[in-house]
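J.: Coordinates in protein_26.txt, compact mmCIF, C-alpha atoms and all ligand atoms, are listed below.
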```txt
# COMPACT_ATOMS: atom_id res chain seq x y z
CA MET A 16 0.00 0.00 0.00
CA SER A 17 1.15 3.54 -0.64
CA GLY A 18 0.75 4.68 2.97
CA TYR A 19 -1.78 7.48 2.53
CA GLY A 20 -4.70 5.17 3.23
CA ARG A 21 -3.62 4.85 6.84
CA GLU A 22 -3.15 8.59 7.20
CA CYS A 23 -6.60 9.29 5.75
CA ALA A 24 -8.22 6.60 7.92
CA ASP A 25 -6.75 8.37 10.97
CA ILE A 26 -8.35 11.64 9.85
CA VAL A 27 -11.72 9.91 9.40
CA ARG A 28 -11.51 8.18 12.79
CA ALA A 29 -10.61 11.48 14.46
CA ALA A 30 -13.85 12.94 13.02
CA ARG A 31 -15.94 9.85 13.76
CA PRO A 32 -14.42 7.01 15.76
CA GLY A 33 -15.37 3.47 14.92
CA SER A 34 -14.84 0.61 12.56
CA TYR A 35 -16.72 0.29 9.30
CA LYS A 36 -18.10 -2.61 7.37
CA ILE A 37 -19.07 -1.49 3.87
CA GLY A 38 -17.46 1.11 1.63
CA MET A 39 -19.27 2.59 -1.33
CA ILE A 40 -18.30 4.64 -4.35
CA LEU A 41 -21.09 6.72 -5.84
CA GLY A 42 -21.02 7.52 -9.54
CA SER A 43 -22.43 10.31 -11.73
CA GLY A 44 -25.80 11.59 -10.54
CA LEU A 45 -25.94 9.03 -7.71
CA GLY A 46 -24.53 11.19 -4.90
CA SER A 47 -27.83 11.76 -3.10
CA LEU A 48 -27.53 8.35 -1.46
CA ALA A 49 -24.93 9.95 0.81
CA GLU A 50 -27.66 12.20 2.25
CA GLU A 51 -29.35 9.15 3.76
CA VAL A 52 -26.39 8.29 5.97
CA GLU A 53 -27.18 8.82 9.64
CA ASP A 54 -24.98 9.97 12.49
CA ALA A 55 -22.58 11.11 9.77
CA ALA A 56 -19.22 12.82 9.62
CA ARG A 57 -18.78 14.52 6.25
CA ILE A 58 -15.20 15.19 5.23
CA PRO A 59 -14.32 17.04 2.02
CA TYR A 60 -11.72 15.20 -0.06
CA ALA A 61 -9.62 18.37 0.17
CA HIS A 62 -9.03 17.50 3.86
CA LEU A 63 -7.83 13.98 3.06
CA THR A 64 -4.23 13.49 1.96
CA GLU A 65 -3.93 12.49 -1.71
CA PHE A 66 -7.68 12.21 -2.26
CA PRO A 67 -8.30 13.18 -5.90
CA ILE A 68 -10.90 15.89 -6.43
CA SER A 69 -13.07 15.11 -9.42
CA THR A 70 -13.52 17.78 -12.04
CA VAL A 71 -16.82 16.19 -13.11
CA THR A 72 -19.75 18.50 -12.31
CA SER A 73 -22.04 15.80 -10.91
CA HIS A 74 -19.52 14.56 -8.35
CA SER A 75 -19.39 16.11 -4.88
CA SER A 76 -15.96 14.96 -3.59
CA GLU A 77 -16.85 14.19 0.00
CA LEU A 78 -16.30 11.19 2.26
CA VAL A 79 -19.33 10.41 4.42
CA ALA A 80 -18.86 8.04 7.38
CA GLY A 81 -21.88 6.96 9.39
CA THR A 82 -24.61 4.34 9.37
CA LEU A 83 -27.02 3.19 6.69
CA ALA A 84 -29.75 0.70 7.61
CA GLY A 85 -27.95 0.38 10.94
CA VAL A 86 -24.67 -0.72 9.32
CA PRO A 87 -21.46 1.34 9.66
CA VAL A 88 -20.57 2.55 6.18
CA VAL A 89 -18.13 4.86 4.47
CA ILE A 90 -19.39 6.51 1.31
CA LEU A 91 -17.07 8.04 -1.22
CA SER A 92 -19.39 10.54 -2.82
CA GLY A 93 -17.60 11.28 -6.04
CA ARG A 94 -14.80 9.49 -7.83
CA ALA A 95 -11.96 10.68 -9.96
CA HIS A 96 -11.75 9.03 -13.36
CA TYR A 97 -8.79 7.86 -15.38
CA TYR A 98 -9.66 10.39 -18.08
CA GLU A 99 -9.17 13.32 -15.70
CA SER A 100 -5.47 12.70 -15.12
CA GLY A 101 -4.30 9.76 -17.20
CA ASP A 102 -3.55 7.87 -13.96
CA PRO A 103 -5.42 4.55 -13.69
CA ALA A 104 -4.42 4.34 -9.99
CA VAL A 105 -6.02 7.71 -9.18
CA MET A 106 -8.46 6.05 -6.71
CA ARG A 107 -5.74 4.15 -4.90
CA THR A 108 -5.72 6.19 -1.68
CA PRO A 109 -9.54 6.31 -1.35
CA VAL A 110 -9.76 2.52 -1.80
CA GLU A 111 -6.92 1.95 0.68
CA THR A 112 -8.69 4.23 3.14
CA LEU A 113 -11.79 2.03 3.05
CA LYS A 114 -9.63 -0.99 3.81
CA GLU A 115 -7.81 0.79 6.64
CA LEU A 116 -11.16 1.78 8.17
CA GLY A 117 -12.07 -1.88 8.49
CA CYS A 118 -14.35 -2.21 5.45
CA GLU A 119 -14.61 -5.73 4.10
CA ILE A 120 -16.83 -4.93 1.16
CA LEU A 121 -16.78 -2.34 -1.62
CA LEU A 122 -20.05 -1.57 -3.39
CA ALA A 123 -19.22 0.43 -6.52
CA THR A 124 -21.92 2.25 -8.47
CA ASN A 125 -21.85 4.01 -11.81
CA ALA A 126 -23.90 5.38 -14.66
CA ALA A 127 -23.60 3.31 -17.83
CA GLY A 128 -24.83 2.97 -21.39
CA SER A 129 -26.86 -0.15 -22.20
CA LEU A 130 -25.97 -2.44 -25.09
CA ARG A 131 -29.17 -4.47 -24.74
CA GLU A 132 -32.53 -3.28 -26.07
CA GLU A 133 -34.39 -4.82 -23.15
CA VAL A 134 -32.32 -3.00 -20.52
CA ALA A 135 -33.56 0.58 -20.68
CA PRO A 136 -32.54 3.98 -19.30
CA GLY A 137 -33.43 4.16 -15.61
CA ASP A 138 -32.88 0.41 -15.07
CA PRO A 139 -30.36 -0.95 -12.57
CA MET A 140 -27.88 -3.63 -13.72
CA ILE A 141 -25.83 -5.82 -11.39
CA ILE A 142 -22.30 -6.17 -12.75
CA SER A 143 -21.31 -9.81 -13.09
CA ASP A 144 -17.91 -9.30 -14.72
CA HIS A 145 -15.98 -6.75 -16.73
CA VAL A 146 -13.97 -6.25 -19.90
CA ASN A 147 -11.10 -3.81 -19.53
CA GLY A 148 -11.29 -2.05 -22.88
CA SER A 149 -8.80 0.65 -21.94
CA GLY A 150 -5.60 -1.38 -21.84
CA LYS A 151 -4.71 0.49 -18.62
CA ASN A 152 -4.29 -1.11 -15.23
CA PRO A 153 -3.84 0.53 -11.80
CA LEU A 154 -1.34 -2.17 -10.78
CA ILE A 155 1.19 -1.30 -13.47
CA GLY A 156 4.39 -0.45 -11.61
CA GLU A 157 3.65 -2.65 -8.60
CA GLU A 158 6.72 -4.71 -7.90
CA ASP A 159 5.79 -7.72 -5.83
CA GLU A 160 4.04 -10.94 -6.76
CA ALA A 161 0.67 -9.66 -5.54
CA ARG A 162 0.39 -7.73 -8.84
CA PHE A 163 -0.50 -10.99 -10.59
CA LEU A 164 -3.97 -10.67 -9.16
CA ASP A 165 -6.60 -13.33 -9.79
CA MET A 166 -9.67 -11.68 -11.32
CA SER A 167 -11.70 -14.83 -11.96
CA ALA A 168 -14.35 -13.96 -9.35
CA ALA A 169 -13.74 -10.23 -9.02
CA TYR A 170 -17.46 -9.55 -8.54
CA ASP A 171 -18.08 -11.68 -5.49
CA PRO A 172 -20.68 -14.37 -6.31
CA GLU A 173 -22.19 -14.27 -2.79
CA LEU A 174 -22.51 -10.49 -2.85
CA ARG A 175 -24.09 -10.64 -6.29
CA ALA A 176 -26.64 -13.04 -4.85
CA VAL A 177 -27.24 -10.58 -2.00
CA LEU A 178 -27.84 -7.79 -4.55
CA HIS A 179 -30.33 -10.01 -6.39
CA ARG A 180 -32.14 -10.85 -3.16
CA ALA A 181 -32.18 -7.15 -2.24
CA ALA A 182 -33.78 -6.26 -5.60
CA ALA A 183 -36.31 -9.08 -5.25
CA GLU A 184 -37.21 -7.83 -1.77
CA THR A 185 -37.78 -4.26 -2.98
CA GLY A 186 -39.63 -5.50 -6.08
CA ASP A 187 -37.24 -3.83 -8.51
CA PRO A 188 -36.57 -5.79 -11.71
CA VAL A 189 -32.84 -6.02 -12.23
CA SER A 190 -30.57 -7.66 -14.80
CA ASP A 191 -27.06 -9.07 -14.63
CA GLY A 192 -24.44 -7.93 -17.08
CA VAL A 193 -20.84 -7.49 -18.16
CA TYR A 194 -19.53 -3.92 -17.94
CA MET A 195 -16.90 -2.76 -20.39
CA TRP A 196 -14.55 0.07 -19.45
CA PHE A 197 -13.73 2.64 -22.12
CA SER A 198 -11.33 5.37 -21.05
CA GLY A 199 -13.53 8.27 -22.18
CA PRO A 200 -13.99 11.18 -21.90
CA SER A 201 -15.46 11.14 -25.40
CA PHE A 202 -18.36 8.73 -25.68
CA GLU A 203 -17.94 5.63 -27.84
CA THR A 204 -18.60 5.55 -31.56
CA PRO A 205 -21.37 3.32 -32.96
CA ALA A 206 -18.61 1.03 -34.34
CA GLU A 207 -17.08 0.72 -30.87
CA ILE A 208 -20.48 -0.11 -29.43
CA LYS A 209 -20.90 -2.87 -32.04
CA MET A 210 -17.47 -4.17 -31.06
CA ALA A 211 -18.37 -4.11 -27.36
CA ARG A 212 -21.53 -6.11 -28.07
CA LEU A 213 -19.52 -8.66 -30.07
CA LEU A 214 -17.07 -8.96 -27.18
CA GLY A 215 -19.86 -9.90 -24.80
CA ALA A 216 -20.44 -6.61 -23.00
CA ASP A 217 -23.91 -5.60 -21.80
CA ALA A 218 -23.06 -2.05 -20.72
CA VAL A 219 -20.29 0.49 -21.24
CA GLY A 220 -18.86 3.19 -19.01
CA MET A 221 -15.81 5.24 -18.08
CA SER A 222 -15.13 4.13 -14.51
CA THR A 223 -15.30 1.37 -11.89
CA VAL A 224 -12.93 -1.18 -13.45
CA PRO A 225 -9.73 0.43 -12.08
CA GLU A 226 -11.25 0.76 -8.59
CA VAL A 227 -12.44 -2.83 -8.66
CA ILE A 228 -8.92 -4.03 -9.55
CA MET A 229 -7.49 -1.88 -6.76
CA ALA A 230 -10.11 -3.08 -4.27
CA ARG A 231 -9.37 -6.74 -5.03
CA PHE A 232 -5.65 -5.93 -4.69
CA VAL A 233 -6.12 -4.64 -1.13
CA GLY A 234 -8.41 -7.57 -0.26
CA LEU A 235 -11.89 -6.06 -0.37
CA LYS A 236 -14.80 -8.14 -1.62
CA VAL A 237 -16.54 -6.33 -4.45
CA ALA A 238 -20.10 -5.86 -5.62
CA ALA A 239 -21.04 -3.34 -8.29
CA MET A 240 -24.16 -1.91 -9.85
CA SER A 241 -24.86 0.37 -12.81
CA ILE A 242 -27.77 2.67 -13.42
CA ILE A 243 -28.40 2.66 -17.14
CA THR A 244 -28.70 6.24 -18.36
CA ASN A 245 -28.85 5.72 -22.14
CA TYR A 246 -28.39 3.23 -24.94
CA GLY A 247 -24.92 2.92 -26.43
CA ALA A 248 -23.98 5.20 -29.34
CA GLY A 249 -25.87 4.31 -32.51
CA MET A 250 -28.62 2.48 -30.60
CA GLN A 251 -30.71 5.58 -29.84
CA ALA A 252 -31.81 8.48 -32.02
CA GLU A 253 -30.54 11.22 -29.70
CA ALA A 254 -26.89 12.20 -29.32
CA LEU A 255 -25.21 11.25 -26.03
CA SER A 256 -24.54 13.91 -23.42
CA HIS A 257 -23.37 14.21 -19.85
CA ASP A 258 -26.53 16.19 -19.03
CA GLU A 259 -28.60 13.17 -20.05
CA THR A 260 -26.38 10.90 -17.93
CA LYS A 261 -26.90 13.10 -14.88
CA SER A 262 -30.65 13.57 -15.23
CA VAL A 263 -31.50 9.92 -16.00
CA ALA A 264 -29.21 8.73 -13.17
CA LYS A 265 -31.28 10.89 -10.83
CA GLN A 266 -34.45 9.22 -12.12
CA GLY A 267 -32.97 5.77 -11.50
CA MET A 268 -31.77 6.86 -8.08
CA ASP A 269 -34.87 5.85 -6.11
CA ARG A 270 -34.53 2.26 -7.28
CA MET A 271 -30.82 2.29 -6.61
CA LYS A 272 -31.32 3.65 -3.09
CA ARG A 273 -33.90 0.98 -2.22
CA ILE A 274 -31.71 -1.83 -3.51
CA VAL A 275 -28.55 -0.50 -1.84
CA ARG A 276 -30.30 -0.10 1.52
CA ALA A 277 -31.60 -3.70 1.38
CA PHE A 278 -28.14 -4.89 0.27
CA VAL A 279 -26.38 -3.11 3.12
CA LYS A 280 -28.82 -4.51 5.66
CA GLU A 281 -28.08 -8.09 4.62
CA ALA A 282 -24.39 -7.83 3.66
CA GLY A 283 -23.60 -5.87 6.82
CA LYS A 284 -24.98 -8.49 9.20
N1 LIG B 1 -20.74 5.43 -22.51
C1 LIG B 1 -19.77 5.63 -21.61
N2 LIG B 1 -20.02 6.05 -20.38
C2 LIG B 1 -21.29 6.28 -20.04
C3 LIG B 1 -22.35 6.09 -20.94
C4 LIG B 1 -22.05 5.64 -22.26
O1 LIG B 1 -22.93 5.44 -23.12
N3 LIG B 1 -23.49 6.40 -20.28
C5 LIG B 1 -23.12 6.77 -19.03
N4 LIG B 1 -21.80 6.71 -18.88
```
Represent the structure from my file as structure tokens, please.
T.:
Amino acid sequence: MSGYGRECADIVRAARPGSYKIGMILGSGLGSLAEEVEDAARIPYAHLTEFPISTVTSHSSELVAGTLAGVPVVILSGRAHYYESGDPAVMRTPVETLKELGCEILLATNAAGSLREEVAPGDPMIISDHVNGSGKNPLIGEEDEARFLDMSAAYDPELRAVLHRAAAETGDPVSDGVYMWFSGPSFETPAEIKMARLLGADAVGMSTVPEVIMARFVGLKVAAMSIITNYGAGMQAEALSHDETKSVAKQGMDRMKRIVRAFVKEAGK
């Protein structure tokens, strides 16, 4: 580990003592989940050593430590993306901080484009696996053997089952799918979307994969969920835009919140 995770965990514990069970990363338009955390300490990333401040307008850049559904959680409201700096390990310190605070689980969320007609904007999708379409990896430069990280069950099968049970409990239809990471920040071309479909992807996005690799590296179990905000390029009549991503993510937010709350309740037992 780089060392800053421990330093940041000390800052968080000074603001709110305790040990935590579940860490979460909230993606574009999904930040309002952090408002539901109770008994919370809210710490701007600017107060946390080496925490990257996102330049993306829909991200709030705040760590929220408290309880959700009675479970001690740490929410990273806002993530920095590879495309902001060119550094695939940009979320290293935040992920390490979750580990240092005692979290055993990372729940990553994002906004994504659907590659399947039947999975529509506003729908949640549980990520079953990923394709790293960027060619970048946050572990490049690591020197010990741990860099040869097994990714064969990166999205923990038990936690995926918990997410499915949570969605069944709240009555929200949910699908399972493979998420493909494109670096962004430009959206994909229709030809790239065709390629992604051929490669077995169900959704595309510009985040999550590097954090998931980093989280597995530090020993967190991972679950991840997308809110579909649009169809992939060439599959819908309208042009893609970040405004659309933000506003549709907000519409899907109520479903996401219900599922996450039910997930936390069971996974945090
Ligand atoms: N492509 C990449 N990232 C995205 C998309 C998309 O279609 N929608 C939301 N984030």
J.: Go through A:Glu119, A:Asp217, A:Glu77, A:Glu281 one by one, measure the shortest atom-to-atom distance of each to A:Gly38 using only C-alpha atoms, and give the residue with the smallest value.
T.: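 Closest to A:Gly38 of all the choices is A:Glu119.
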J.: Which is closest to A:Asp165 among A:Leu41, A:Ala24, A:Met250, A:Ile228, if we use only C-alpha atoms?
T.: A:Ile228
J.: Mind running chain A against ligand LIG 1 (chain B) at 7 Å and telling me each contacting residue's nearest atom pair with the distance in Å (one decimal), counting all atoms listed in the file, chain and number ascending, as a Markdown table?
T.:
```
| residue | atom | partner | partner_atom | distance |
| --- | --- | --- | --- | --- |
| A:Ala126 | CA | B:LIG1 | C5 | 4.7 |
| A:Ala127 | CA | B:LIG1 | C5 | 3.7 |
| A:Gly128 | CA | B:LIG1 | O1 | 3.6 |
| A:Ser129 | CA | B:LIG1 | O1 | 6.9 |
| A:Phe197 | CA | B:LIG1 | C1 | 6.8 |
| A:Gly199 | CA | B:LIG1 | C1 | 6.8 |
| A:Phe202 | CA | B:LIG1 | N1 | 5.2 |
| A:Glu203 | CA | B:LIG1 | N1 | 6.0 |
| A:Val219 | CA | B:LIG1 | N1 | 5.1 |
| A:Gly220 | CA | B:LIG1 | N2 | 3.4 |
| A:Met221 | CA | B:LIG1 | N2 | 4.9 |
| A:Ile243 | CA | B:LIG1 | N3 | 6.9 |
| A:Thr244 | CA | B:LIG1 | N3 | 5.6 |
| A:Asn245 | CA | B:LIG1 | N3 | 5.7 |
| A:Tyr246 | CA | B:LIG1 | O1 | 6.2 |
| A:Gly247 | CA | B:LIG1 | O1 | 4.6 |
| A:Ala248 | CA | B:LIG1 | O1 | 6.3 |
| A:Leu255 | CA | B:LIG1 | O1 | 6.9 |
| A:Thr260 | CA | B:LIG1 | C5 | 5.4 |
```
J.: Report the distance between atom CA of A:Ile141 and atom CA of A:Met166 in Å, rounded to one decimal place.
T.: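 Interatomic distance, atom CA of A:Ile141 to atom CA of A:Met166: 17.2 Å.
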J.: Check the smallest atom-to-atom distance from each of A:Ile40, A:Met268, A:Met106, A:Ala29 to A:Thr124 using all atoms listed in the file, then report the winner.
T.: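 Nearest to A:Thr124: A:Ile40.
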J.: From the list A:Leu130, A:Ala183, A:Val233, A:Val177, which residue is nearest A:Glu115 when using all atoms listed in the file?
T.: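 Ranking A:Leu130, A:Ala183, A:Val233, A:Val177 by distance to A:Glu115, first place goes to A:Val233.
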J.: Rank nothing, just name the residue among A:Leu83, A:Met240, A:Ala49, A:Ala56 nearest to A:Thr223, using only C-alpha atoms.
T.: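 Checking each of A:Leu83, A:Met240, A:Ala49, A:Ala56 against A:Thr223, counting only C-alpha atoms, the winner is A:Met240.
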J.: Looking at all atoms listed in the file, which of A:Pro87, A:Gly215, A:Gly33, A:Gly267 is the one that sits closest to A:Arg131?
T.: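 Smallest distance to A:Arg131 is found for A:Gly215.
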J.: Could you work out how far atom CA of A:Cys23 lies from atom CA of A:Ala123, giving the answer in Å with one decimal?
T.: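 Atom CA of A:Cys23 lies at a distance of 19.7 Å from atom CA of A:Ala123.
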J.: Hey, what's within 7 Å of stretch 69-72 of chain A if we count all atoms listed in the file and toss same-chain stuff fewer than 6 positions away? As an mmCIF file with C-alpha atoms, in the frame of the given file, please?
T.:
```
data_model
loop_
_atom_site.group_PDB
_atom_site.id
_atom_site.type_symbol
_atom_site.label_atom_id
_atom_site.label_comp_id
_atom_site.auth_asym_id
_atom_site.auth_seq_id
_atom_site.Cartn_x
_atom_site.Cartn_y
_atom_site.Cartn_z
ATOM 1 C CA GLY A 93 -17.600 11.280 -6.040
ATOM 2 C CA ARG A 94 -14.800 9.490 -7.830
ATOM 3 C CA ALA A 95 -11.960 10.680 -9.960
#
```
J.: Show me the residues around (-3.2, 5.6, -13.7) - criterion: an atom at most 9 Å away, only C-alpha atoms counted - as a ChimeraX atom specification.
T.: /A:97,100-106,151-155,225
J.: Work out how far apart atom CA of A:Ser201 and atom CA of A:Ala264 are and give it in Å to one decimal.
T.: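 Atom CA of A:Ala264 lies at a distance of 18.6 Å from atom CA of A:Ser201.
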J.: Is it possible to get the residues within 12 Å of (-24.7, -6.7, 11.4) (coordinates as in the file, counting only C-alpha atoms) written as a list in words?
T.: Tyr35, Lys36, Ile37, Thr82, Leu83, Ala84, Gly85, Val86, Pro87, Val88, Phe278, Val279, Lys280, Glu281, Ala282, Gly283 and Lys284 of chain A
J.: Might you pull out every residue within 10 Å of A:Ala176, with only C-alpha atoms counted and same-chain residues fewer than 4 positions away left off, and present them as a list in words?
T.: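 After dropping sequence-adjacent residues, the list is Ile141, Asp171, Pro172, Arg180, Ala181, Ala182, Ala238 and Phe278 of chain A.
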J.: Would you mind listing what lies within 9 Å of stretch 63-66 of chain A as a short mmCIF file (atom, residue, chain, number, x, y, z; two decimals) with C-alpha atoms, in the frame of the given file, with only C-alpha atoms counted and same-chain residues fewer than 3 positions away left out?
T.:
```
data_model
loop_
_atom_site.label_atom_id
_atom_site.label_comp_id
_atom_site.auth_asym_id
_atom_site.auth_seq_id
_atom_site.Cartn_x
_atom_site.Cartn_y
_atom_site.Cartn_z
CA TYR A 19 -1.78 7.48 2.53
CA GLY A 20 -4.70 5.17 3.23
CA GLU A 22 -3.15 8.59 7.20
CA CYS A 23 -6.60 9.29 5.75
CA ALA A 24 -8.22 6.60 7.92
CA ILE A 26 -8.35 11.64 9.85
CA VAL A 27 -11.72 9.91 9.40
CA ILE A 58 -15.20 15.19 5.23
CA PRO A 59 -14.32 17.04 2.02
CA TYR A 60 -11.72 15.20 -0.06
CA SER A 76 -15.96 14.96 -3.59
CA LEU A 78 -16.30 11.19 2.26
CA ALA A 95 -11.96 10.68 -9.96
CA VAL A 105 -6.02 7.71 -9.18
CA MET A 106 -8.46 6.05 -6.71
CA ARG A 107 -5.74 4.15 -4.90
CA THR A 108 -5.72 6.19 -1.68
CA PRO A 109 -9.54 6.31 -1.35
#
```
J.: As a list in words, please: the residues near A:Tyr170 (cut-off 9 Å, all atoms listed in the file, same-chain neighbours under 4 positions excluded).
T.: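 The contact residues come out as Ile142, Ser143, Asp144, His145, Met166, Leu174, Arg175, Val227, Lys236, Val237, Ala238 and Ala239 of chain A.
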J.: Identify, on the basis of all atoms listed in the file, every residue whose closest approach to A:Ala55 does not exceed 8 Å; exclude the query and any residue fewer than 6 positions from it along the same chain; express the result as a list in words.
T.: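 Here the answer would be Arg31, Val79, Ala80, Gly81 and Thr82 of chain A.
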